[in-house]
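Shown below: my_file_11.pdb, with PDB, C-alpha atoms.
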```pdb
ATOM      1  CA  MET Z   1      26.984  12.400  12.096
ATOM      2  CA  ASP Z   2      29.803  10.094  13.122
ATOM      3  CA  GLY Z   3      30.481   7.141  10.831
ATOM      4  CA  ILE Z   4      27.805   8.136   8.325
ATOM      5  CA  PRO Z   5      28.962   9.048   4.807
ATOM      6  CA  THR Z   6      28.032  12.359   3.234
ATOM      7  CA  THR Z   7      26.836  10.831  -0.051
ATOM      8  CA  MET Z   8      24.819   7.746  -0.906
ATOM      9  CA  ARG Z   9      23.604   5.652  -3.806
ATOM     10  CA  ALA Z  10      20.062   6.523  -4.827
ATOM     11  CA  ILE Z  11      17.669   6.431  -7.749
ATOM     12  CA  ASP Z  12      16.515   9.943  -8.556
ATOM     13  CA  PRO Z  13      15.503  10.406 -12.221
ATOM     14  CA  ASP Z  14      15.829  13.952 -13.554
ATOM     15  CA  VAL Z  15      13.389  13.303 -16.420
ATOM     16  CA  PRO Z  16      10.206  11.239 -16.636
ATOM     17  CA  GLY Z  17      10.199   8.144 -18.812
ATOM     18  CA  GLY Z  18      10.288   4.376 -18.973
ATOM     19  CA  PRO Z  19      12.013   2.041 -16.517
ATOM     20  CA  GLU Z  20      15.378   2.858 -18.099
ATOM     21  CA  VAL Z  21      15.454   6.289 -16.369
ATOM     22  CA  LEU Z  22      15.909   4.506 -13.014
ATOM     23  CA  ARG Z  23      19.693   4.753 -12.862
ATOM     24  CA  VAL Z  24      21.786   4.708  -9.687
ATOM     25  CA  VAL Z  25      23.281   8.130  -8.923
ATOM     26  CA  GLN Z  26      25.040   9.795  -5.980
ATOM     27  CA  ARG Z  27      23.000  12.046  -3.698
ATOM     28  CA  PRO Z  28      23.700  13.752  -0.348
ATOM     29  CA  VAL Z  29      22.746  11.728   2.721
ATOM     30  CA  PRO Z  30      19.739  13.544   4.248
ATOM     31  CA  MET Z  31      20.079  15.264   7.619
ATOM     32  CA  PRO Z  32      17.289  14.270  10.020
ATOM     33  CA  ARG Z  33      15.186  17.143  11.331
ATOM     34  CA  VAL Z  34      14.582  17.513  15.065
ATOM     35  CA  ASP Z  35      11.616  15.080  15.038
ATOM     36  CA  GLU Z  36      13.112  12.623  12.528
ATOM     37  CA  VAL Z  37      15.287   9.531  12.490
ATOM     38  CA  LEU Z  38      17.841   8.582   9.843
ATOM     39  CA  ILE Z  39      17.506   5.007   8.567
ATOM     40  CA  ARG Z  40      20.250   3.044   6.824
ATOM     41  CA  VAL Z  41      18.059   1.244   4.298
ATOM     42  CA  VAL Z  42      18.158  -2.536   3.895
ATOM     43  CA  ALA Z  43      15.193  -2.885   1.533
ATOM     44  CA  ALA Z  44      12.570  -0.680  -0.136
ATOM     45  CA  GLY Z  45       9.102  -1.653  -1.301
ATOM     46  CA  VAL Z  46       8.024  -0.934  -4.879
ATOM     47  CA  ASN Z  47       4.505   0.451  -5.290
ATOM     48  CA  ARG Z  48       2.258   1.582  -8.122
ATOM     49  CA  PRO Z  49       2.668   5.290  -7.197
ATOM     50  CA  ASP Z  50       6.424   4.882  -7.820
ATOM     51  CA  VAL Z  51       5.632   3.899 -11.407
ATOM     52  CA  LEU Z  52       3.287   6.861 -11.818
ATOM     53  CA  GLN Z  53       5.936   9.212 -10.399
ATOM     54  CA  ARG Z  54       8.571   7.821 -12.775
ATOM     55  CA  LYS Z  55       6.265   8.541 -15.715
ATOM     56  CA  GLY Z  56       5.759  12.129 -14.549
ATOM     57  CA  GLY Z  57       2.150  11.633 -13.430
ATOM     58  CA  TYR Z  58       2.480  11.803  -9.643
ATOM     59  CA  ALA Z  59       4.688  14.541  -8.240
ATOM     60  CA  PRO Z  60       5.962  14.164  -4.667
ATOM     61  CA  PRO Z  61       4.045  16.269  -2.122
ATOM     62  CA  PRO Z  62       5.670  19.555  -1.024
ATOM     63  CA  GLY Z  63       8.766  18.943   1.078
ATOM     64  CA  ALA Z  64       9.118  15.269   0.117
ATOM     65  CA  PRO Z  65      12.285  13.998  -1.616
ATOM     66  CA  SER Z  66      12.239  13.608  -5.386
ATOM     67  CA  ILE Z  67      13.739  10.135  -4.851
ATOM     68  CA  PRO Z  68      10.881   7.607  -5.217
ATOM     69  CA  GLY Z  69      10.006   4.986  -2.633
ATOM     70  CA  LEU Z  70       7.186   5.015  -0.072
ATOM     71  CA  GLU Z  71       8.353   2.332   2.384
ATOM     72  CA  VAL Z  72      11.619   0.895   3.677
ATOM     73  CA  SER Z  73      13.158  -1.308   6.310
ATOM     74  CA  GLY Z  74      16.522  -0.682   7.884
ATOM     75  CA  THR Z  75      18.409   0.362  11.000
ATOM     76  CA  ILE Z  76      18.205   3.740  12.721
ATOM     77  CA  VAL Z  77      21.677   5.307  12.701
ATOM     78  CA  ALA Z  78      20.923   8.865  13.875
ATOM     79  CA  GLN Z  79      18.027  10.896  15.235
ATOM     80  CA  GLY Z  80      16.912  14.470  15.824
ATOM     81  CA  ALA Z  81      17.182  16.256  19.121
ATOM     82  CA  GLU Z  82      13.437  16.144  19.859
ATOM     83  CA  VAL Z  83      12.959  12.390  19.373
ATOM     84  CA  ALA Z  84      11.928  11.384  22.895
ATOM     85  CA  ILE Z  85      13.629   7.994  23.217
ATOM     86  CA  ASP Z  86      16.960   6.678  21.961
ATOM     87  CA  MET Z  87      16.140   4.614  18.873
ATOM     88  CA  THR Z  88      19.673   4.287  17.520
ATOM     89  CA  GLY Z  89      20.463   0.762  16.365
ATOM     90  CA  GLN Z  90      16.817  -0.310  16.244
ATOM     91  CA  PRO Z  91      15.609  -2.316  13.213
ATOM     92  CA  VAL Z  92      12.487  -0.612  11.865
ATOM     93  CA  CYS Z  93      10.198  -0.281   8.906
ATOM     94  CA  ALA Z  94       8.735   3.059   7.919
ATOM     95  CA  LEU Z  95       6.079   4.735   5.810
ATOM     96  CA  LEU Z  96       7.545   7.546   3.694
ATOM     97  CA  ALA Z  97       6.315  10.374   1.489
ATOM     98  CA  GLY Z  98       9.316   9.575  -0.742
ATOM     99  CA  GLY Z  99      13.026   8.813  -0.610
ATOM    100  CA  GLY Z 100      13.016   5.030  -0.220
ATOM    101  CA  TYR Z 101      15.125   4.122  -3.260
ATOM    102  CA  ALA Z 102      18.338   5.125  -1.487
ATOM    103  CA  GLU Z 103      20.890   3.937   1.041
ATOM    104  CA  TYR Z 104      19.639   6.391   3.684
ATOM    105  CA  VAL Z 105      16.325   8.109   4.332
ATOM    106  CA  ALA Z 106      15.086  10.537   6.980
ATOM    107  CA  VAL Z 107      11.529  10.164   8.277
ATOM    108  CA  ALA Z 108       9.439  11.365  11.214
ATOM    109  CA  ALA Z 109      10.002   9.103  14.205
ATOM    110  CA  GLY Z 110       6.244   8.628  14.546
ATOM    111  CA  GLN Z 111       6.079   6.877  11.182
ATOM    112  CA  VAL Z 112       8.366   3.975  12.057
ATOM    113  CA  LEU Z 113       7.416   0.589  13.482
ATOM    114  CA  PRO Z 114       9.759  -1.972  15.058
ATOM    115  CA  VAL Z 115      10.682  -5.072  13.056
ATOM    116  CA  PRO Z 116       9.917  -8.166  15.167
ATOM    117  CA  ASN Z 117      11.788 -11.471  14.929
ATOM    118  CA  ALA Z 118       8.888 -12.990  12.971
ATOM    119  CA  LEU Z 119       9.697 -10.775   9.966
ATOM    120  CA  SER Z 120      12.746 -10.656   7.728
ATOM    121  CA  MET Z 121      13.959  -7.175   6.857
ATOM    122  CA  VAL Z 122      12.865  -7.735   3.238
ATOM    123  CA  GLU Z 123       9.362  -8.678   4.419
ATOM    124  CA  ALA Z 124       9.314  -5.658   6.719
ATOM    125  CA  ALA Z 125      10.005  -3.330   3.778
ATOM    126  CA  ALA Z 126       6.905  -4.715   2.050
ATOM    127  CA  LEU Z 127       4.486  -3.942   4.895
ATOM    128  CA  PRO Z 128       4.004  -0.214   5.591
ATOM    129  CA  GLU Z 129       2.455   1.223   2.411
ATOM    130  CA  THR Z 130      -0.203  -1.465   1.919
ATOM    131  CA  LEU Z 131      -0.848  -1.915   5.640
ATOM    132  CA  PHE Z 132      -1.415   1.799   6.282
ATOM    133  CA  THR Z 133      -3.531   2.053   3.104
ATOM    134  CA  VAL Z 134      -5.772  -0.956   3.708
ATOM    135  CA  TRP Z 135      -6.185  -0.213   7.403
ATOM    136  CA  THR Z 136      -7.157   3.433   6.959
ATOM    137  CA  ASN Z 137      -9.485   2.784   4.037
ATOM    138  CA  LEU Z 138     -11.091  -0.618   4.576
ATOM    139  CA  PHE Z 139     -11.290  -0.582   8.371
ATOM    140  CA  GLU Z 140     -11.499   3.139   9.192
ATOM    141  CA  ARG Z 141     -13.233   4.748   6.208
ATOM    142  CA  ALA Z 142     -15.374   1.737   5.213
ATOM    143  CA  TYR Z 143     -15.890   0.632   8.844
ATOM    144  CA  ALA Z 144     -15.413  -3.034   7.906
ATOM    145  CA  THR Z 145     -16.076  -5.205  10.951
ATOM    146  CA  GLU Z 146     -16.161  -8.900  11.767
ATOM    147  CA  GLY Z 147     -18.724 -10.738   9.649
ATOM    148  CA  ASP Z 148     -18.752  -8.214   6.795
ATOM    149  CA  THR Z 149     -18.407  -9.272   3.178
ATOM    150  CA  VAL Z 150     -16.170  -6.904   1.204
ATOM    151  CA  LEU Z 151     -15.155  -6.645  -2.451
ATOM    152  CA  VAL Z 152     -11.547  -5.747  -3.233
ATOM    153  CA  HIS Z 153     -10.296  -5.168  -6.778
ATOM    154  CA  GLY Z 154      -6.763  -6.154  -7.745
ATOM    155  CA  GLY Z 155      -6.770  -9.224  -5.545
ATOM    156  CA  THR Z 156      -3.150 -10.263  -6.178
ATOM    157  CA  SER Z 157      -1.671  -6.758  -5.911
ATOM    158  CA  GLY Z 158       0.089  -5.608  -2.754
ATOM    159  CA  ILE Z 159      -3.142  -3.923  -1.645
ATOM    160  CA  GLY Z 160      -5.264  -6.943  -2.526
ATOM    161  CA  THR Z 161      -3.064  -9.470  -0.763
ATOM    162  CA  MET Z 162      -2.900  -7.245   2.342
ATOM    163  CA  ALA Z 163      -6.706  -6.927   2.346
ATOM    164  CA  ILE Z 164      -7.003 -10.717   2.182
ATOM    165  CA  ALA Z 165      -4.523 -11.150   5.039
ATOM    166  CA  LEU Z 166      -6.145  -8.540   7.302
ATOM    167  CA  GLY Z 167      -9.571  -9.889   6.414
ATOM    168  CA  ALA Z 168      -8.549 -13.330   7.640
ATOM    169  CA  ILE Z 169      -7.337 -11.896  10.956
ATOM    170  CA  PHE Z 170     -10.319  -9.623  11.581
ATOM    171  CA  GLY Z 171     -13.127 -11.884  10.380
ATOM    172  CA  LEU Z 172     -14.039 -10.465   6.966
ATOM    173  CA  GLU Z 173     -15.273 -12.466   3.982
ATOM    174  CA  VAL Z 174     -13.104 -11.036   1.194
ATOM    175  CA  ILE Z 175     -14.193 -11.304  -2.439
ATOM    176  CA  VAL Z 176     -11.536 -10.209  -4.930
ATOM    177  CA  THR Z 177     -11.246  -9.660  -8.658
ATOM    178  CA  ALA Z 178      -8.173 -10.584 -10.694
ATOM    179  CA  GLY Z 179      -7.228 -10.766 -14.368
ATOM    180  CA  SER Z 180      -6.552 -14.480 -14.877
ATOM    181  CA  ASP Z 181      -7.602 -17.887 -13.583
ATOM    182  CA  ASP Z 182      -4.091 -18.389 -12.174
ATOM    183  CA  LYS Z 183      -4.299 -15.129 -10.235
ATOM    184  CA  CYS Z 184      -7.755 -16.065  -8.968
ATOM    185  CA  ALA Z 185      -6.392 -19.408  -7.783
ATOM    186  CA  ALA Z 186      -3.504 -17.607  -6.067
ATOM    187  CA  ALA Z 187      -5.919 -15.246  -4.287
ATOM    188  CA  VAL Z 188      -8.053 -18.142  -3.022
ATOM    189  CA  ALA Z 189      -4.920 -19.970  -1.855
ATOM    190  CA  LEU Z 190      -4.002 -16.848   0.134
ATOM    191  CA  GLY Z 191      -7.365 -16.833   1.865
ATOM    192  CA  ALA Z 192      -9.849 -14.952  -0.325
ATOM    193  CA  ALA Z 193     -13.348 -16.380   0.087
ATOM    194  CA  HIS Z 194     -14.014 -15.947  -3.645
ATOM    195  CA  ALA Z 195     -11.998 -14.718  -6.625
ATOM    196  CA  ILE Z 196     -13.645 -13.441  -9.803
ATOM    197  CA  ASN Z 197     -11.836 -13.341 -13.162
ATOM    198  CA  TYR Z 198     -12.992  -9.945 -14.389
ATOM    199  CA  LYS Z 199     -11.931 -10.776 -17.957
ATOM    200  CA  THR Z 200     -14.252 -13.768 -18.271
ATOM    201  CA  GLU Z 201     -16.967 -13.041 -15.693
ATOM    202  CA  ASP Z 202     -19.198 -10.075 -14.828
ATOM    203  CA  PHE Z 203     -18.149  -9.245 -11.278
ATOM    204  CA  VAL Z 204     -21.488  -7.530 -10.560
ATOM    205  CA  GLU Z 205     -23.407 -10.708 -11.389
ATOM    206  CA  ARG Z 206     -20.949 -12.912  -9.492
ATOM    207  CA  VAL Z 207     -21.118 -10.759  -6.349
ATOM    208  CA  ALA Z 208     -24.917 -10.971  -6.465
ATOM    209  CA  GLU Z 209     -24.676 -14.770  -6.745
ATOM    210  CA  ILE Z 210     -22.111 -15.087  -3.959
ATOM    211  CA  THR Z 211     -24.060 -12.871  -1.546
ATOM    212  CA  GLY Z 212     -27.500 -14.243  -2.420
ATOM    213  CA  GLY Z 213     -28.491 -10.885  -3.866
ATOM    214  CA  LYS Z 214     -27.713  -9.009  -0.650
ATOM    215  CA  GLY Z 215     -24.479  -7.361  -1.788
ATOM    216  CA  CYS Z 216     -21.314  -6.364   0.072
ATOM    217  CA  ALA Z 217     -20.851  -4.125   3.072
ATOM    218  CA  ALA Z 218     -17.929  -2.368   1.388
ATOM    219  CA  VAL Z 219     -15.954  -2.076  -1.850
ATOM    220  CA  LEU Z 220     -12.270  -1.097  -1.911
ATOM    221  CA  ASP Z 221     -11.652   0.269  -5.402
ATOM    222  CA  MET Z 222      -8.400   1.205  -7.125
ATOM    223  CA  VAL Z 223      -9.833   1.341 -10.659
ATOM    224  CA  GLY Z 224     -12.257   4.257 -10.735
ATOM    225  CA  GLY Z 225     -13.869   5.255 -14.042
ATOM    226  CA  ASP Z 226     -16.706   3.012 -15.187
ATOM    227  CA  TYR Z 227     -16.036   0.576 -12.327
ATOM    228  CA  VAL Z 228     -17.639   2.980  -9.855
ATOM    229  CA  PRO Z 229     -21.297   2.594 -10.961
ATOM    230  CA  ARG Z 230     -20.725  -1.172 -11.261
ATOM    231  CA  ASN Z 231     -19.240  -1.242  -7.770
ATOM    232  CA  LEU Z 232     -22.307   0.549  -6.413
ATOM    233  CA  LYS Z 233     -24.459  -2.290  -7.777
ATOM    234  CA  CYS Z 234     -22.362  -4.670  -5.654
ATOM    235  CA  LEU Z 235     -23.125  -2.840  -2.407
ATOM    236  CA  ALA Z 236     -25.735  -3.851   0.135
ATOM    237  CA  GLU Z 237     -27.998  -1.220   1.659
ATOM    238  CA  ASP Z 238     -25.951   1.210   3.772
ATOM    239  CA  GLY Z 239     -22.837  -0.008   1.904
ATOM    240  CA  ARG Z 240     -19.596   1.987   1.714
ATOM    241  CA  HIS Z 241     -17.523   2.577  -1.420
ATOM    242  CA  VAL Z 242     -13.902   3.637  -0.884
ATOM    243  CA  SER Z 243     -11.751   4.900  -3.772
ATOM    244  CA  ILE Z 244      -7.973   4.693  -3.335
ATOM    245  CA  ALA Z 245      -6.727   4.990  -6.943
ATOM    246  CA  VAL Z 246      -8.003   5.827 -10.421
ATOM    247  CA  GLN Z 247      -6.093   3.459 -12.696
ATOM    248  CA  GLY Z 248      -9.134   3.106 -14.973
ATOM    249  CA  GLY Z 249     -10.265   6.731 -15.151
ATOM    250  CA  LEU Z 250     -10.664   9.976 -13.231
ATOM    251  CA  MET Z 251     -14.384  10.489 -13.883
ATOM    252  CA  ALA Z 252     -17.495   8.420 -13.218
ATOM    253  CA  THR Z 253     -21.235   8.816 -13.785
ATOM    254  CA  ILE Z 254     -23.218   7.562 -10.813
ATOM    255  CA  PRO Z 255     -26.953   7.098 -10.054
ATOM    256  CA  ILE Z 256     -27.683   9.696  -7.378
ATOM    257  CA  PHE Z 257     -31.194   8.516  -6.515
ATOM    258  CA  ASP Z 258     -29.966   4.941  -6.088
ATOM    259  CA  ILE Z 259     -27.367   6.221  -3.616
ATOM    260  CA  MET Z 260     -30.138   8.016  -1.728
ATOM    261  CA  ARG Z 261     -32.560   5.109  -1.834
ATOM    262  CA  ARG Z 262     -30.026   2.556  -0.572
ATOM    263  CA  ARG Z 263     -28.201   5.001   1.757
ATOM    264  CA  LEU Z 264     -24.801   4.360   0.193
ATOM    265  CA  THR Z 265     -21.633   6.183   1.220
ATOM    266  CA  LEU Z 266     -18.945   7.172  -1.286
ATOM    267  CA  THR Z 267     -15.584   8.154   0.145
ATOM    268  CA  GLY Z 268     -11.890   7.827  -0.606
ATOM    269  CA  SER Z 269      -8.462   9.009   0.376
ATOM    270  CA  THR Z 270      -4.864   9.506  -0.677
ATOM    271  CA  LEU Z 271      -2.292   8.570   1.932
ATOM    272  CA  ARG Z 272       0.928  10.081   0.610
ATOM    273  CA  PRO Z 273       0.074  13.802   1.060
ATOM    274  CA  ARG Z 274      -1.318  13.348   4.600
ATOM    275  CA  ASP Z 275       0.696  15.064   7.317
ATOM    276  CA  THR Z 276       3.048  13.472   9.827
ATOM    277  CA  ALA Z 277       0.528  13.840  12.670
ATOM    278  CA  PHE Z 278      -2.045  11.714  10.836
ATOM    279  CA  LYS Z 279       0.460   9.060   9.778
ATOM    280  CA  SER Z 280       1.842   8.885  13.316
ATOM    281  CA  LEU Z 281      -1.653   8.348  14.726
ATOM    282  CA  VAL Z 282      -2.200   5.508  12.256
ATOM    283  CA  ALA Z 283       1.180   4.011  13.181
ATOM    284  CA  ASP Z 284       0.173   4.070  16.864
ATOM    285  CA  GLU Z 285      -3.124   2.374  16.053
ATOM    286  CA  LEU Z 286      -1.407  -0.275  13.939
ATOM    287  CA  HIS Z 287       1.153  -0.867  16.686
ATOM    288  CA  SER Z 288      -1.560  -1.594  19.242
ATOM    289  CA  THR Z 289      -4.113  -3.372  17.019
ATOM    290  CA  VAL Z 290      -2.232  -5.125  14.214
ATOM    291  CA  TRP Z 291       1.377  -5.430  15.387
ATOM    292  CA  PRO Z 292       0.650  -8.232  17.909
ATOM    293  CA  HIS Z 293      -0.395 -10.347  14.894
ATOM    294  CA  VAL Z 294       2.828  -9.391  13.094
ATOM    295  CA  GLU Z 295       4.913 -10.290  16.155
ATOM    296  CA  ALA Z 296       3.138 -13.650  16.403
ATOM    297  CA  GLY Z 297       3.832 -14.424  12.735
ATOM    298  CA  ARG Z 298       0.143 -14.325  11.794
ATOM    299  CA  LEU Z 299       0.520 -11.365   9.411
ATOM    300  CA  LYS Z 300       3.208 -11.303   6.748
ATOM    301  CA  PRO Z 301       3.234  -9.596   3.365
ATOM    302  CA  VAL Z 302       2.889 -11.822   0.323
ATOM    303  CA  MET Z 303       6.242 -11.596  -1.460
ATOM    304  CA  ASP Z 304       6.621 -11.704  -5.226
ATOM    305  CA  ARG Z 305      10.270 -11.009  -6.066
ATOM    306  CA  THR Z 306      13.284  -8.985  -4.941
ATOM    307  CA  PHE Z 307      15.705  -7.018  -7.116
ATOM    308  CA  PRO Z 308      18.964  -5.235  -6.221
ATOM    309  CA  LEU Z 309      18.710  -1.432  -6.305
ATOM    310  CA  ALA Z 310      20.582  -1.283  -9.628
ATOM    311  CA  GLU Z 311      17.893  -3.520 -11.166
ATOM    312  CA  ALA Z 312      15.057  -1.124 -10.326
ATOM    313  CA  PRO Z 313      14.182  -0.932 -14.050
ATOM    314  CA  ALA Z 314      13.434  -4.677 -14.030
ATOM    315  CA  ALA Z 315      11.369  -4.279 -10.855
ATOM    316  CA  HIS Z 316       9.244  -1.558 -12.463
ATOM    317  CA  ALA Z 317       8.908  -3.550 -15.672
ATOM    318  CA  ARG Z 318       7.601  -6.503 -13.656
ATOM    319  CA  MET Z 319       5.059  -4.324 -11.875
ATOM    320  CA  GLU Z 320       3.863  -2.783 -15.145
ATOM    321  CA  ALA Z 321       3.550  -6.220 -16.776
ATOM    322  CA  GLY Z 322       1.012  -7.069 -14.092
ATOM    323  CA  GLU Z 323       2.192 -10.651 -13.596
ATOM    324  CA  HIS Z 324       3.302 -10.248  -9.988
ATOM    325  CA  VAL Z 325       1.478 -11.733  -7.007
ATOM    326  CA  GLY Z 326       2.185  -9.720  -3.879
ATOM    327  CA  LYS Z 327       5.033  -7.324  -3.234
ATOM    328  CA  ILE Z 328       8.110  -6.419  -5.258
ATOM    329  CA  VAL Z 329      11.060  -5.222  -3.167
ATOM    330  CA  LEU Z 330      14.441  -3.595  -3.890
ATOM    331  CA  THR Z 331      17.399  -4.684  -1.757
ATOM    332  CA  LEU Z 332      20.371  -2.474  -0.845
ATOM    333  CA  ASP Z 333      22.876  -5.048   0.418
TER     334      ASP Z 333
END
```

Structure encoded using structure tokens:
Amino acid sequence: MDGIPTTMRAIDPDVPGGPEVLRVVQRPVPMPRVDEVLIRVVAAGVNRPDVLQRKGGYAPPPGAPSIPGLEVSGTIVAQGAEVAIDMTGQPVCALLAGGGYAEYVAVAAGQVLPVPNALSMVEAAALPETLFTVWTNLFERAYATEGDTVLVHGGTSGIGTMAIALGAIFGLEVIVTAGSDDKCAAAVALGAAHAINYKTEDFVERVAEITGGKGCAAVLDMVGGDYVPRNLKCLAEDGRHVSIAVQGGLMATIPIFDIMRRRLTLTGSTLRPRDTAFKSLVADELHSTVWPHVEAGRLKPVMDRTFPLAEAPAAHARMEAGEHVGKIVLTLD
């Protein structure tokens, strides 16, 4: 590959541990497969699964790089022989199964989206993971449609802020929970209809008050554990509960007859292990349905803070402290 180095800076811990294991090392530049493009990375989003992987609790799926990082922005510098159109030189963002914390990454061409003028490259790196996740779970699995009221936990997280933003575009009333009055105020300022401080208020009671006892059409849950039966109490008849993470526990006890009586649906998904065909289909759908709003400047990620690649430990420490509002991004200038 002309003009492309053979090695690159990357973060690729060989042992699990705290943020201090995130040291910059040299790794071979990946060779794109026949259906892949090679991206010279400008910025990489930091996500909760990266933290879990660093701790040894979330192994990459088979075939994925051990280098963490599930989303990047950058410029395509090479491509495989079976990529149908010439994409070289194009600024893109991409959803990855891993490999983002590096100067170069190879990814299936179907998983990239063009970066429009309305987005900076740093903003573009903060879009794919939360956009793919919220779209596939809130709009496809929970069938959220215009006029629906939905409950989203973690309202100031990357997922929460994306749900608020998409909700505003597609006509949802978004209720969120957050862990402080300041975070609740931030969520409302971003467009949440209501924000509940789960440390000082019972979110089940507050949802009942807000909805006049009717409940929500859908709940997007990243907590799991004992939140699940409480979430079910927040659902209206025929409501949908979607699990996307289990930060609060792997197991839950749920009232089966109540699910039957109120015709509730419990579902969930994990995005990272899904195959390229699925992710490419989602990318196509996002390109046609959501990307016009991105191009028009109506949809941008909420940005918290950027860190140079070498300061990845500080980026992870900030995420684990839970004080961030929106997305944390690594830059590779």

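Nearest to Z:Asp35 of all the residues Z:Thr267, Z:Thr177, Z:Ser280, Z:Thr306 is Z:Ser280, counting all atoms listed in the file.
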
Just checking: using all atoms listed in the file, which residue out of Z:Ala168, Z:Ile39, Z:Val152, Z:Leu22 ends up closest to Z:Gly80? Z:Ile39

Near-Z:Ala10 list (8 Å; all atoms listed in the file; drop same-chain fewer than 3 positions) as a list of chain:residue names: Z:Val24, Z:Val25, Z:Gln26, Z:Arg27, Z:Ile67, Z:Tyr101, Z:Ala102, Z:Glu103

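Atom CA of Z:Thr88 is found 16.0 Å from atom CA of Z:Pro116.
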
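Going from atom CA of Z:Gly191 to atom CA of Z:Ala125 covers 22.1 Å.
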
Reconstructed stretch 98-109 of chain Z, atom set N, CA, C and O atoms, as a PDB file, keeping the file's coordinate frame:
```
ATOM      1  N   GLY Z  98       8.357   9.701   0.353  1.00  0.00           N
ATOM      2  CA  GLY Z  98       9.316   9.575  -0.742  1.00  0.00           C
ATOM      3  C   GLY Z  98      10.693   9.330  -0.157  1.00  0.00           C
ATOM      4  O   GLY Z  98      10.899   9.435   1.051  1.00  0.00           O
ATOM      5  N   GLY Z  99      11.647   8.950  -1.039  1.00  0.00           N
ATOM      6  CA  GLY Z  99      13.026   8.813  -0.610  1.00  0.00           C
ATOM      7  C   GLY Z  99      13.513   7.410  -0.368  1.00  0.00           C
ATOM      8  O   GLY Z  99      14.657   7.212   0.023  1.00  0.00           O
ATOM      9  N   GLY Z 100      12.655   6.392  -0.584  1.00  0.00           N
ATOM     10  CA  GLY Z 100      13.016   5.030  -0.220  1.00  0.00           C
ATOM     11  C   GLY Z 100      14.055   4.362  -1.092  1.00  0.00           C
ATOM     12  O   GLY Z 100      14.769   3.465  -0.627  1.00  0.00           O
ATOM     13  N   TYR Z 101      14.171   4.766  -2.357  1.00  0.00           N
ATOM     14  CA  TYR Z 101      15.125   4.122  -3.260  1.00  0.00           C
ATOM     15  C   TYR Z 101      16.522   4.705  -3.039  1.00  0.00           C
ATOM     16  O   TYR Z 101      17.117   5.309  -3.926  1.00  0.00           O
ATOM     17  N   ALA Z 102      17.059   4.521  -1.844  1.00  0.00           N
ATOM     18  CA  ALA Z 102      18.338   5.125  -1.487  1.00  0.00           C
ATOM     19  C   ALA Z 102      18.934   4.377  -0.306  1.00  0.00           C
ATOM     20  O   ALA Z 102      18.244   3.615   0.380  1.00  0.00           O
ATOM     21  N   GLU Z 103      20.215   4.619  -0.065  1.00  0.00           N
ATOM     22  CA  GLU Z 103      20.890   3.937   1.041  1.00  0.00           C
ATOM     23  C   GLU Z 103      20.512   4.511   2.408  1.00  0.00           C
ATOM     24  O   GLU Z 103      20.645   3.822   3.428  1.00  0.00           O
ATOM     25  N   TYR Z 104      20.069   5.757   2.437  1.00  0.00           N
ATOM     26  CA  TYR Z 104      19.639   6.391   3.684  1.00  0.00           C
ATOM     27  C   TYR Z 104      18.371   7.186   3.414  1.00  0.00           C
ATOM     28  O   TYR Z 104      18.186   7.761   2.331  1.00  0.00           O
ATOM     29  N   VAL Z 105      17.515   7.268   4.443  1.00  0.00           N
ATOM     30  CA  VAL Z 105      16.325   8.109   4.332  1.00  0.00           C
ATOM     31  C   VAL Z 105      16.002   8.663   5.712  1.00  0.00           C
ATOM     32  O   VAL Z 105      16.179   7.985   6.738  1.00  0.00           O
ATOM     33  N   ALA Z 106      15.541   9.909   5.739  1.00  0.00           N
ATOM     34  CA  ALA Z 106      15.086  10.537   6.980  1.00  0.00           C
ATOM     35  C   ALA Z 106      13.561  10.540   6.996  1.00  0.00           C
ATOM     36  O   ALA Z 106      12.919  10.819   5.978  1.00  0.00           O
ATOM     37  N   VAL Z 107      12.989  10.228   8.163  1.00  0.00           N
ATOM     38  CA  VAL Z 107      11.529  10.164   8.277  1.00  0.00           C
ATOM     39  C   VAL Z 107      11.139  10.502   9.711  1.00  0.00           C
ATOM     40  O   VAL Z 107      11.909  10.284  10.651  1.00  0.00           O
ATOM     41  N   ALA Z 108       9.937  11.049   9.871  1.00  0.00           N
ATOM     42  CA  ALA Z 108       9.439  11.365  11.214  1.00  0.00           C
ATOM     43  C   ALA Z 108       9.443  10.108  12.079  1.00  0.00           C
ATOM     44  O   ALA Z 108       9.017   9.033  11.643  1.00  0.00           O
ATOM     45  N   ALA Z 109       9.905  10.255  13.307  1.00  0.00           N
ATOM     46  CA  ALA Z 109      10.002   9.103  14.205  1.00  0.00           C
ATOM     47  C   ALA Z 109       8.656   8.432  14.425  1.00  0.00           C
ATOM     48  O   ALA Z 109       8.588   7.217  14.651  1.00  0.00           O
TER      49      ALA Z 109
END
```
